[in-house]
>>> print(open('protein-v1.txt').read())   # compact mmCIF, C-alpha atoms
# COMPACT_ATOMS: atom_id res chain seq x y z
CA MET A 5 0.00 0.00 0.00
CA SER A 6 1.25 3.45 -0.87
CA ALA A 7 1.18 6.91 0.62
CA GLU A 8 -1.70 7.60 -1.75
CA HIS A 9 -3.72 4.95 0.05
CA GLY A 10 -3.23 6.74 3.36
CA ARG A 11 -4.32 10.07 2.00
CA HIS A 12 -7.32 8.80 0.12
CA ASN A 13 -8.86 7.17 3.16
CA ALA A 14 -7.91 9.82 5.67
CA PRO A 15 -10.68 10.85 8.06
CA PRO A 16 -11.98 14.27 7.04
CA ASP A 17 -10.69 16.01 10.13
CA PRO A 18 -8.83 19.26 9.40
CA ARG A 19 -6.68 18.73 12.49
CA LEU A 20 -5.27 15.63 10.87
CA GLU A 21 -4.59 17.00 7.41
CA LYS A 22 -0.88 17.25 8.05
CA GLN A 23 -0.87 13.79 9.57
CA HIS A 24 -2.30 12.30 6.42
CA ALA A 25 -0.29 14.27 3.92
CA PRO A 26 1.65 11.91 1.63
CA GLU A 27 5.05 13.08 2.88
CA GLN A 28 4.01 12.47 6.52
CA THR A 29 2.64 9.05 5.64
CA GLN A 30 5.95 8.24 3.98
CA ILE A 31 7.89 9.27 7.10
CA LEU A 32 5.66 7.09 9.25
CA GLU A 33 5.93 4.13 6.88
CA GLU A 34 9.72 4.27 7.08
CA ARG A 35 9.76 4.73 10.83
CA VAL A 36 7.42 1.79 11.35
CA GLN A 37 9.39 -0.39 8.95
CA LYS A 38 12.52 0.19 11.01
CA LEU A 39 10.79 -0.56 14.30
CA GLU A 40 9.24 -3.71 12.92
CA ALA A 41 12.62 -4.92 11.64
CA LEU A 42 14.14 -4.34 15.08
CA LEU A 43 11.34 -6.10 16.96
CA VAL A 44 11.55 -9.05 14.58
CA ALA A 45 15.34 -9.18 15.00
CA LYS A 46 14.92 -9.08 18.78
CA GLY A 47 12.56 -12.02 18.56
CA LEU A 48 9.51 -10.22 19.99
CA VAL A 49 7.42 -10.29 16.84
CA ALA A 50 7.07 -12.78 13.99
CA THR A 51 5.99 -11.17 10.73
CA GLU A 52 3.51 -13.93 9.82
CA THR A 53 1.90 -13.61 13.26
CA LEU A 54 1.54 -9.86 12.84
CA GLU A 55 -0.15 -10.48 9.50
CA GLU A 56 -2.50 -13.07 11.00
CA LEU A 57 -3.42 -10.79 13.90
CA ALA A 58 -4.16 -7.76 11.71
CA SER A 59 -6.25 -9.78 9.28
CA THR A 60 -8.21 -11.33 12.16
CA TYR A 61 -9.28 -7.84 13.23
CA GLU A 62 -9.93 -6.80 9.64
CA ASN A 63 -12.10 -9.75 8.70
CA ASP A 64 -13.44 -11.68 11.65
CA ILE A 65 -13.95 -9.31 14.56
CA GLY A 66 -16.42 -6.48 14.07
CA PRO A 67 -19.92 -5.16 14.76
CA MET A 68 -21.48 -8.23 13.14
CA ASN A 69 -20.58 -10.03 16.37
CA GLY A 70 -22.39 -7.53 18.56
CA ALA A 71 -25.33 -7.55 16.14
CA ARG A 72 -25.73 -11.30 16.71
CA VAL A 73 -25.83 -10.69 20.47
CA VAL A 74 -28.49 -7.97 20.07
CA ALA A 75 -30.66 -10.04 17.74
CA ARG A 76 -30.52 -13.00 20.13
CA ALA A 77 -31.51 -10.76 23.04
CA TRP A 78 -34.45 -9.39 21.05
CA THR A 79 -35.77 -12.85 20.21
CA ASP A 80 -34.95 -14.80 23.37
CA PRO A 81 -36.12 -13.18 26.64
CA ALA A 82 -34.18 -15.65 28.81
CA TYR A 83 -30.99 -14.87 26.87
CA LYS A 84 -31.63 -11.13 27.27
CA GLN A 85 -31.95 -11.61 31.02
CA ARG A 86 -28.62 -13.46 31.12
CA LEU A 87 -27.04 -10.78 28.94
CA LEU A 88 -28.09 -7.97 31.25
CA THR A 89 -26.98 -9.81 34.41
CA ASN A 90 -23.75 -11.45 33.20
CA ALA A 91 -22.83 -10.07 29.78
CA THR A 92 -19.42 -11.73 29.47
CA ALA A 93 -20.90 -15.21 29.94
CA ALA A 94 -23.93 -14.55 27.74
CA ILE A 95 -21.79 -13.17 24.91
CA GLY A 96 -19.51 -16.17 25.37
CA GLU A 97 -22.50 -18.45 24.73
CA LEU A 98 -22.38 -17.24 21.12
CA GLY A 99 -18.67 -18.03 20.88
CA ILE A 100 -17.65 -14.38 21.20
CA SER A 101 -14.96 -13.48 23.73
CA GLY A 102 -11.48 -12.15 24.15
CA LEU A 103 -9.17 -9.19 24.27
CA GLN A 104 -10.81 -5.95 25.40
CA GLY A 105 -14.02 -7.83 26.19
CA GLU A 106 -12.92 -9.85 29.20
CA HIS A 107 -15.29 -7.94 31.49
CA MET A 108 -18.43 -6.97 29.58
CA VAL A 109 -21.48 -5.06 30.76
CA VAL A 110 -24.49 -4.59 28.48
CA VAL A 111 -26.90 -1.75 29.18
CA GLU A 112 -30.40 -1.59 27.72
CA ASN A 113 -32.00 1.31 25.92
CA THR A 114 -35.71 1.67 26.65
CA PRO A 115 -38.36 4.31 25.86
CA SER A 116 -37.29 6.12 29.06
CA VAL A 117 -33.51 5.51 29.21
CA HIS A 118 -30.88 6.14 26.52
CA ASN A 119 -27.32 4.91 27.12
CA VAL A 120 -24.17 6.27 25.45
CA VAL A 121 -20.70 4.72 25.79
CA LEU A 122 -17.31 6.41 25.53
CA CYS A 123 -13.83 6.56 27.04
CA THR A 124 -12.65 10.04 28.00
CA LEU A 125 -9.11 9.03 29.04
CA CYS A 126 -8.11 6.94 26.00
CA SER A 127 -10.30 4.92 23.65
CA CYS A 128 -11.48 1.82 25.53
CA TYR A 129 -13.97 -0.08 23.40
CA PRO A 130 -15.46 -3.60 23.43
CA TRP A 131 -13.40 -5.20 20.66
CA PRO A 132 -14.90 -8.73 20.57
CA VAL A 133 -18.40 -7.41 19.88
CA LEU A 134 -17.69 -4.18 17.96
CA GLY A 135 -14.21 -4.66 16.48
CA LEU A 136 -11.66 -1.86 16.47
CA PRO A 137 -13.16 1.58 17.13
CA PRO A 138 -13.83 4.18 14.44
CA THR A 139 -11.58 7.25 14.37
CA TRP A 140 -14.26 9.60 15.71
CA TYR A 141 -14.58 7.48 18.87
CA LYS A 142 -10.86 7.97 19.53
CA MET A 143 -10.61 11.69 18.76
CA ALA A 144 -11.00 14.67 21.08
CA PRO A 145 -14.43 16.00 20.03
CA TYR A 146 -16.36 12.85 21.02
CA ARG A 147 -14.23 11.96 24.06
CA SER A 148 -14.44 15.46 25.51
CA ARG A 149 -18.02 16.47 24.76
CA ALA A 150 -20.04 13.25 25.05
CA VAL A 151 -19.77 13.49 28.86
CA ILE A 152 -20.71 17.15 29.30
CA ASP A 153 -23.14 17.49 26.37
CA PRO A 154 -24.35 14.04 25.36
CA ARG A 155 -27.59 15.42 23.93
CA GLY A 156 -25.67 17.85 21.72
CA VAL A 157 -23.40 15.08 20.46
CA LEU A 158 -26.38 12.79 19.87
CA HIS A 159 -28.03 15.57 17.88
CA GLU A 160 -24.99 15.63 15.58
CA PHE A 161 -25.54 11.92 15.04
CA GLY A 162 -29.19 12.58 14.19
CA VAL A 163 -30.64 11.41 17.49
CA ASP A 164 -32.85 13.92 19.30
CA LEU A 165 -34.18 12.88 22.68
CA PRO A 166 -37.01 14.52 24.63
CA GLU A 167 -36.25 15.78 28.14
CA SER A 168 -38.41 12.98 29.54
CA VAL A 169 -35.78 10.45 28.42
CA GLU A 170 -32.93 9.95 30.87
CA VAL A 171 -29.52 10.01 29.19
CA ARG A 172 -26.96 7.76 30.86
CA VAL A 173 -23.35 8.23 29.85
CA TRP A 174 -20.89 5.39 30.53
CA ASP A 175 -17.24 6.44 30.74
CA SER A 176 -15.11 3.29 30.28
CA SER A 177 -12.34 4.32 32.66
CA ALA A 178 -11.35 0.82 33.82
CA GLU A 179 -11.23 -2.63 32.20
CA ILE A 180 -15.01 -3.01 32.07
CA ARG A 181 -16.25 -2.74 28.50
CA TYR A 182 -19.75 -1.47 27.83
CA MET A 183 -22.12 -2.21 24.98
CA VAL A 184 -25.61 -0.81 24.43
CA LEU A 185 -28.54 -3.11 23.76
CA PRO A 186 -30.56 -0.85 21.45
CA GLU A 187 -34.35 -0.81 21.29
CA ARG A 188 -35.93 -3.18 18.83
CA PRO A 189 -37.74 -1.06 16.25
CA GLN A 190 -41.45 -1.26 15.53
CA GLY A 191 -42.54 -3.34 12.57
CA THR A 192 -39.98 -6.10 13.01
CA ALA A 193 -42.20 -8.73 14.63
CA HIS A 194 -42.09 -10.89 11.50
CA MET A 195 -38.32 -10.87 11.19
CA SER A 196 -36.01 -13.76 11.96
CA GLU A 197 -33.02 -13.46 14.26
CA GLN A 198 -30.70 -13.29 11.25
CA GLU A 199 -32.75 -10.59 9.57
CA LEU A 200 -32.79 -8.59 12.79
CA ALA A 201 -29.01 -8.84 13.14
CA LYS A 202 -28.64 -7.13 9.77
CA LEU A 203 -30.46 -4.05 11.10
CA VAL A 204 -28.06 -3.57 14.01
CA THR A 205 -25.21 -1.18 13.27
CA ARG A 206 -22.05 -0.40 15.22
CA ASP A 207 -23.31 3.05 16.21
CA THR A 208 -26.52 1.66 17.72
CA MET A 209 -24.40 -0.46 20.08
CA ILE A 210 -22.28 2.55 21.10
CA GLY A 211 -25.54 4.39 21.74
CA VAL A 212 -25.20 7.17 19.17
CA ALA A 213 -27.84 5.87 16.77
CA ARG A 214 -31.22 4.15 16.76
CA VAL A 215 -31.89 0.92 14.94
CA GLU A 216 -33.83 1.66 11.77
CA VAL A 217 -35.83 -0.52 9.44
CA LYS A 218 -34.82 0.20 5.88
CA GLY A 219 -37.31 0.32 3.08
CA MET B 13 -1.13 13.15 35.62
CA ASN B 14 -3.23 16.15 34.66
CA GLY B 15 -2.63 15.64 30.98
CA VAL B 16 -4.22 16.55 27.70
CA HIS B 17 -5.54 12.98 27.45
CA ASP B 18 -7.92 13.66 30.36
CA MET B 19 -10.32 15.56 28.14
CA GLY B 20 -13.75 14.71 29.54
CA GLY B 21 -15.81 17.91 29.84
CA MET B 22 -13.77 20.12 27.51
CA THR B 23 -15.81 21.94 24.89
CA CYS B 24 -13.09 23.39 22.68
CA TYR B 25 -12.71 20.58 20.14
CA GLY B 26 -15.74 21.21 17.98
CA ARG B 27 -18.08 18.82 16.25
CA VAL B 28 -17.58 15.09 15.95
CA ILE B 29 -16.23 14.44 12.46
CA ARG B 30 -17.17 11.11 10.97
CA ASP B 31 -16.17 9.13 7.91
CA GLU B 32 -18.94 6.70 7.04
CA ASN B 33 -16.72 4.59 4.79
CA GLU B 34 -13.72 4.41 7.00
CA PRO B 35 -11.35 1.48 6.42
CA ARG B 36 -10.15 -0.52 9.44
CA PHE B 37 -6.65 0.87 8.90
CA HIS B 38 -5.96 4.08 6.96
CA ALA B 39 -2.48 3.13 5.87
CA HIS B 40 -0.13 0.19 5.79
CA TRP B 41 1.84 1.59 8.75
CA GLU B 42 -1.26 1.71 10.97
CA ARG B 43 -1.83 -1.97 10.33
CA ARG B 44 1.79 -2.81 11.19
CA VAL B 45 1.71 -0.67 14.35
CA PHE B 46 -1.48 -2.37 15.50
CA GLY B 47 -0.01 -5.84 14.98
CA MET B 48 3.44 -5.24 16.41
CA THR B 49 2.15 -3.39 19.46
CA MET B 50 -0.32 -6.15 20.25
CA LEU B 51 2.42 -8.76 19.96
CA ALA B 52 5.31 -6.94 21.61
CA ILE B 53 3.87 -4.73 24.33
CA GLY B 54 3.17 -7.51 26.80
CA GLN B 55 6.87 -8.42 26.72
CA ILE B 56 7.95 -4.81 27.30
CA ALA B 57 5.51 -3.23 29.75
CA THR B 58 2.10 -3.49 31.41
CA LEU B 59 -1.03 -2.23 29.67
CA ASP B 60 -1.18 0.54 32.28
CA ALA B 61 2.41 1.59 31.58
CA PHE B 62 1.55 1.63 27.87
CA ARG B 63 -1.44 3.92 28.49
CA HIS B 64 0.76 6.15 30.63
CA ALA B 65 3.39 6.33 27.90
CA ILE B 66 0.71 7.69 25.56
CA GLU B 67 -0.20 10.23 28.24
CA ARG B 68 3.44 11.33 28.39
CA MET B 69 3.54 12.26 24.70
CA ASP B 70 4.09 15.92 23.93
CA PRO B 71 0.56 17.38 24.25
CA THR B 72 0.63 19.22 20.92
CA HIS B 73 1.72 16.01 19.20
CA TYR B 74 -0.95 14.04 21.07
CA LEU B 75 -3.70 16.30 19.74
CA SER B 76 -2.44 16.48 16.17
CA SER B 77 -1.81 12.78 15.64
CA THR B 78 -4.06 9.76 15.30
CA TYR B 79 -4.57 6.78 17.55
CA TYR B 80 -1.98 4.49 15.96
CA GLU B 81 0.65 7.20 16.06
CA HIS B 82 -0.02 7.34 19.80
CA TRP B 83 0.60 3.60 19.91
CA LEU B 84 3.78 3.97 17.88
CA ALA B 85 5.12 6.76 20.09
CA ALA B 86 4.37 4.78 23.26
CA LEU B 87 5.90 1.56 21.90
CA GLU B 88 9.12 3.34 20.90
CA MET B 89 9.24 5.24 24.20
CA LEU B 90 8.88 2.08 26.30
CA ALA B 91 11.29 0.03 24.16
CA VAL B 92 13.98 2.66 24.81
CA GLU B 93 13.11 3.17 28.50
CA LYS B 94 13.21 -0.56 29.18
CA GLY B 95 16.58 -0.82 27.47
CA LEU B 96 15.35 -3.03 24.67
CA LEU B 97 16.31 -0.61 21.89
CA SER B 98 18.49 2.49 21.73
CA PRO B 99 17.46 5.76 20.07
CA GLU B 100 20.23 5.12 17.52
CA GLU B 101 18.75 1.75 16.65
CA LEU B 102 15.30 3.31 16.19
CA ALA B 103 16.76 5.97 13.90
CA SER B 104 18.78 3.56 11.78
CA GLY B 105 16.68 0.40 11.93
CA ALA B 106 19.92 -1.54 12.35
CA LEU B 107 20.33 -3.77 15.38
CA ARG B 108 23.41 -2.97 17.49
CA SER B 109 22.52 -4.44 20.86
CA LYS B 110 22.09 -7.94 22.17
CA GLY B 111 19.26 -9.23 24.30
CA GLY B 112 15.60 -9.41 23.56
CA ALA B 113 12.85 -11.96 23.88
CA THR B 114 13.36 -14.74 26.37
CA GLU B 115 10.87 -16.98 24.61
CA PRO B 116 10.19 -17.64 20.93
CA PRO B 117 7.72 -15.18 19.36
CA LEU B 118 4.05 -16.13 19.22
CA PRO B 119 3.42 -18.34 16.18
CA PRO B 120 0.62 -17.37 13.76
CA GLU B 121 -1.45 -20.45 14.58
CA ALA B 122 -1.72 -19.27 18.21
CA VAL B 123 -3.29 -15.91 17.32
CA ARG B 124 -6.92 -16.95 17.40
CA GLN B 125 -6.64 -18.64 20.75
CA VAL B 126 -4.77 -15.72 22.34
CA VAL B 127 -7.30 -13.23 20.97
CA ALA B 128 -10.32 -15.28 22.09
CA GLN B 129 -8.84 -15.99 25.50
CA GLY B 130 -8.12 -12.36 26.36
CA ALA B 131 -6.25 -11.18 29.42
CA PRO B 132 -8.61 -10.72 32.38
CA CYS B 133 -7.71 -7.95 34.83
CA ASP B 134 -9.73 -9.12 37.83
CA ARG B 135 -7.90 -10.96 40.61
CA ASN B 136 -8.75 -13.18 43.55
CA THR B 137 -5.85 -11.78 45.53
CA GLY B 138 -5.28 -8.40 47.15
CA ARG B 139 -8.05 -6.39 48.78
CA LEU B 140 -11.05 -8.64 48.30
CA THR B 141 -13.62 -7.15 50.67
CA PRO B 142 -15.25 -4.02 49.25
CA ARG B 143 -15.61 -1.09 51.60
CA PHE B 144 -18.67 0.25 49.77
CA ALA B 145 -21.95 -1.36 48.69
CA PRO B 146 -24.46 -0.43 45.99
CA GLY B 147 -26.46 2.62 47.10
CA ASP B 148 -23.65 4.06 49.25
CA ARG B 149 -22.94 7.75 48.74
CA VAL B 150 -19.27 8.35 47.93
CA LYS B 151 -17.07 11.28 47.05
CA ALA B 152 -14.32 11.03 44.49
CA LYS B 153 -11.19 12.26 46.22
CA ASN B 154 -9.57 15.48 45.08
CA LEU B 155 -6.34 13.79 43.94
CA HIS B 156 -3.80 15.08 41.43
CA PRO B 157 -1.14 12.36 41.13
CA VAL B 158 1.78 13.13 38.83
CA GLY B 159 1.79 9.55 37.56
CA HIS B 160 -0.86 7.40 35.89
CA THR B 161 -4.41 7.42 37.22
CA ARG B 162 -7.83 6.51 35.88
CA LEU B 163 -9.69 9.02 38.02
CA PRO B 164 -10.84 11.64 35.49
CA ARG B 165 -10.51 15.27 36.54
CA TYR B 166 -14.19 16.00 35.96
CA ALA B 167 -15.15 13.54 38.74
CA ARG B 168 -12.71 14.73 41.41
CA GLY B 169 -14.40 16.20 44.46
CA LYS B 170 -17.85 15.18 43.19
CA VAL B 171 -20.40 13.14 45.10
CA GLY B 172 -22.01 10.08 43.56
CA VAL B 173 -23.63 6.76 44.41
CA ILE B 174 -22.20 3.25 44.09
CA ASP B 175 -24.08 1.69 41.18
CA ARG B 176 -22.40 -1.71 41.27
CA VAL B 177 -19.35 -3.50 42.59
CA HIS B 178 -17.33 -5.01 39.74
CA GLY B 179 -14.95 -7.07 41.85
CA THR B 180 -11.25 -6.81 42.63
CA PHE B 181 -9.12 -5.46 39.77
CA ILE B 182 -5.48 -4.57 39.06
CA TYR B 183 -4.81 -1.04 40.33
CA PRO B 184 -3.49 1.01 37.39
CA ASP B 185 -1.88 3.71 39.54
CA THR B 186 0.71 1.23 40.83
CA ASN B 187 0.79 -1.20 37.91
CA ALA B 188 1.83 1.57 35.49
CA HIS B 189 4.91 2.39 37.56
CA GLY B 190 6.44 -0.95 38.48
CA GLY B 191 4.56 -0.99 41.78
CA GLY B 192 2.80 -4.25 41.07
CA GLU B 193 -0.84 -5.09 40.50
CA GLN B 194 -2.03 -4.37 44.07
CA PRO B 195 -5.61 -5.45 43.22
CA GLN B 196 -8.44 -3.63 44.98
CA PRO B 197 -12.21 -3.25 44.58
CA LEU B 198 -13.51 -1.47 41.50
CA TYR B 199 -16.89 0.25 41.46
CA CYS B 200 -19.24 1.72 38.93
CA VAL B 201 -20.18 5.10 40.40
CA ARG B 202 -23.21 7.10 39.27
CA PHE B 203 -23.04 10.88 39.25
CA ASP B 204 -25.96 13.17 38.43
CA ALA B 205 -25.19 15.35 35.41
CA MET B 206 -26.02 18.39 37.57
CA GLU B 207 -23.42 17.37 40.17
CA LEU B 208 -20.73 17.23 37.48
CA TRP B 209 -21.75 20.04 35.16
CA GLY B 210 -23.84 22.44 37.21
CA PRO B 211 -27.45 23.54 37.51
CA HIS B 212 -28.01 23.88 33.77
CA ALA B 213 -27.40 20.20 33.06
CA PRO B 214 -30.57 18.16 32.37
CA ARG B 215 -32.02 17.14 35.71
CA LYS B 216 -32.63 13.47 34.84
CA ASP B 217 -29.35 12.80 33.09
CA SER B 218 -26.48 10.96 34.73
CA LEU B 219 -23.01 9.57 34.12
CA ARG B 220 -21.39 6.36 35.27
CA VAL B 221 -17.67 5.90 35.56
CA ASP B 222 -15.60 3.02 36.94
CA LEU B 223 -13.49 4.06 39.92
CA TRP B 224 -11.13 2.10 42.17
CA GLU B 225 -11.64 2.08 45.93
CA ASP B 226 -8.62 4.27 46.66
CA TYR B 227 -10.20 7.03 44.57
CA LEU B 228 -13.23 7.15 46.84
CA GLU B 229 -14.22 8.20 50.35
CA PRO B 230 -17.59 8.07 52.14
CA ALA B 231 -19.83 11.09 51.53
>>> encode(input="protein-v1.txt", output="structure tokens")
Amino acid sequence: MSAEHGRHNAPPDPRLEKQHAPEQTQILEERVQKLEALLVAKGLVATETLEELASTYENDIGPMNGARVVARAWTDPAYKQRLLTNATAAIGELGISGLQGEHMVVVENTPSVHNVVLCTLCSCYPWPVLGLPPTWYKMAPYRSRAVIDPRGVLHEFGVDLPESVEVRVWDSSAEIRYMVLPERPQGTAHMSEQELAKLVTRDTMIGVARVEVKG
Amino acid sequence: MNGVHDMGGMTCYGRVIRDENEPRFHAHWERRVFGMTMLAIGQIATLDAFRHAIERMDPTHYLSSTYYEHWLAALEMLAVEKGLLSPEELASGALRSKGGATEPPLPPEAVRQVVAQGAPCDRNTGRLTPRFAPGDRVKAKNLHPVGHTRLPRYARGKVGVIDRVHGTFIYPDTNAHGGGEQPQPLYCVRFDAMELWGPHAPRKDSLRVDLWEDYLEPA
């Protein structure tokens, strides 16, 4: 992959323009190449293992995992109960577990409570169910404002909540990882668990979007 | 450390900027940094020391660089501090020193198991009996340690209620500085939005944050 690749896919954040300029990407590529060579020579990293690890997180670990958990909870009340009382075990029932999801808590959105998850101090995020976090989750605007003005941030995501709804913000400051169980939308009674899972997006499980029925 | 990373409650950073079609990694180097950090960091430092290394980045660099550059900076910083690599080696990419891994590197076929297994941070040693119970009113202490802490500034001095007891977990404030895990109870603490942000905050809204026992006192 080239410097061009880095620039083309850069997040549209003006603060990061310099970061994603081709010459900066080139500097970083060279710096990383050197570090990798050293760590391989020191015997800490095997190149094939690095490749395997990166591709695992590119292909196999992502929001489709969390969507399966949500769809199961929507269709199986006993599972939902287990999910809300011991999320790590309930998520494990679906074969989903691991790094950055060792201690899971799932919180439920209802007509009267809306949950939003973030990490103000770094970018803690439930990897096994949601994959690696999007750039906006890791950058200053979300991390700083979602605690003090969650309703304003939600508005930017297109979610407007009446005052009667209680907004609960969850700051992931320790090793507990939070995921939102979004509300099941109206008009989905006929849908199968697999069809429901397709409606569930990453953002609905962070708590910055509602599940929508397309069409 | 009262650092730029502790940004909860600041309002100077503008709107959230999103890219709907964002790739998992924006460039080849991000992918390599992700992989090598995941594989090497456990042999160099604790997760808490890694987070603290990111916090020790130059603040202007911290704000103007992306997540994986934070990882890269912290990995290089710790590799030098722990004596694994010299600054000259980092600059040249040529190995000049001896010493390194004590065990063979993780083989590719072990990746899936290691990822699925995770690395739990709760312990059945240390301080096992929690001082507080759900419903107890607590105050987050007004602490300003110069080292690593996971007590955000916005919570310090504020009064909240124990929401749940998570169990006994590795204490980051010592584990980041070679002081050992010293596990102690970890709590989810609920604060009213008005307690944190003043009388204009929505009355019903609230925030929950996970705080270790040593961050808290009875209120």
>>> residues_around(input="protein-v1.txt", residues="segment 115-131 of chain A", least_positions_apart="5", cutoff="7 Å", atoms="all atoms listed in the file", output="VMD selection string")
(chain A and resid 103 to 105 136 to 137 141 to 142 147 to 148 168 to 177 181 to 184 210 to 212) or (chain B and resid 17 to 20)
>>> residues_around(input="protein-v1.txt", residues="segment 47-54 of chain A", least_positions_apart="6", cutoff="6 Å", atoms="all atoms listed in the file", output="JSON, numbers by chain")
{"B": [47, 52, 113, 117, 119, 120]}
>>> closest_atom_pairs(input="protein-v1.txt", of="chain B", to="chain A", cutoff="6 Å", atoms="only C-alpha atoms", output="tab-separated table")
residue	atom	partner	partner_atom	distance
B:His17	CA	A:Leu125	CA	5.6
B:Asp18	CA	A:Leu125	CA	5.0
B:Met19	CA	A:Ser148	CA	4.9
B:Gly20	CA	A:Ser148	CA	4.2
B:Gly21	CA	A:Ile152	CA	5.0
B:Met22	CA	A:Ser148	CA	5.1
B:Thr23	CA	A:Arg149	CA	5.9
B:Tyr25	CA	A:Pro145	CA	4.9
B:Gly26	CA	A:Pro145	CA	5.8
B:Arg27	CA	A:Pro145	CA	6.0
B:Val28	CA	A:Pro145	CA	5.2
B:Arg30	CA	A:Trp140	CA	5.8
B:Asp31	CA	A:Pro15	CA	5.8
B:His38	CA	A:Gly10	CA	5.2
B:Ala39	CA	A:Gly10	CA	4.5
B:His40	CA	A:Met5	CA	5.8
B:Trp41	CA	A:Glu33	CA	5.2
B:Gly47	CA	A:Leu54	CA	4.8
B:Ala52	CA	A:Leu48	CA	5.6
B:Gly105	CA	A:Lys38	CA	4.3
B:Gly112	CA	A:Lys46	CA	4.8
B:Ala113	CA	A:Gly47	CA	5.3
B:Pro117	CA	A:Leu48	CA	5.3
B:Pro119	CA	A:Thr53	CA	5.8
B:Pro120	CA	A:Thr53	CA	4.0
B:Val127	CA	A:Gly102	CA	5.4
B:Ala128	CA	A:Gly102	CA	3.9
B:Gln129	CA	A:Gly102	CA	4.9
B:Gly130	CA	A:Leu103	CA	3.9
B:Pro132	CA	A:Glu106	CA	5.4
B:Arg162	CA	A:Ser177	CA	6.0
B:Lys216	CA	A:Glu170	CA	5.3
B:Asp217	CA	A:Val171	CA	4.8
B:Ser218	CA	A:Arg172	CA	5.0
B:Leu219	CA	A:Val173	CA	4.5
B:Arg220	CA	A:Trp174	CA	4.9
B:Val221	CA	A:Asp175	CA	4.9
B:Asp222	CA	A:Ser177	CA	5.5
>>> closest_residue(input="protein-v1.txt", among="A:Ala213, A:Ala201, A:Val133, A:Leu165", to="Ala77 of chain A", atoms="only C-alpha atoms")
A:Ala201
>>> atom_distance(input="protein-v1.txt", atom1="atom CA of Ala152 of chain B", atom2="atom CA of Arg168 of chain B")
5.1 Å
>>> atom_distance(input="protein-v1.txt", atom1="atom CA of Pro157 of chain B", atom2="atom CA of Ala61 of chain B")
14.8 Å
>>> atom_distance(input="protein-v1.txt", atom1="atom CA of Asp134 of chain B", atom2="atom CA of Glu193 of chain B")
10.1 Å
>>> residues_near_point(input="protein-v1.txt", point="(-20.6, 0.4, 16.1)", cutoff="8 Å", atoms="only C-alpha atoms", output="list in words")
Pro67, Leu134, Pro137, Pro138, Thr205, Arg206, Asp207, Thr208, Met209 and Ile210 of chain A
>>> residues_around(input="protein-v1.txt", residues="segment 142-151 of chain B", least_positions_apart="5", cutoff="7 Å", atoms="only C-alpha atoms", output="MDAnalysis selection string")
chainID B and resid 169:177 197 228:231
>>> residues_around(input="protein-v1.txt", residues="Met69 of chain B", least_positions_apart="5", cutoff="10 Å", atoms="all atoms listed in the file", output="count of residues only")
10
>>> residues_around(input="protein-v1.txt", residues="His178 of chain B", least_positions_apart="4", cutoff="8 Å", atoms="only C-alpha atoms", output="CSV table (one decimal) with C-alpha atoms, keeping the file's coordinate frame")
chain,number,residue,atom,x,y,z
B,197,PRO,CA,-12.2,-3.2,44.6
B,198,LEU,CA,-13.5,-1.5,41.5
B,199,TYR,CA,-16.9,0.2,41.5
B,200,CYS,CA,-19.2,1.7,38.9
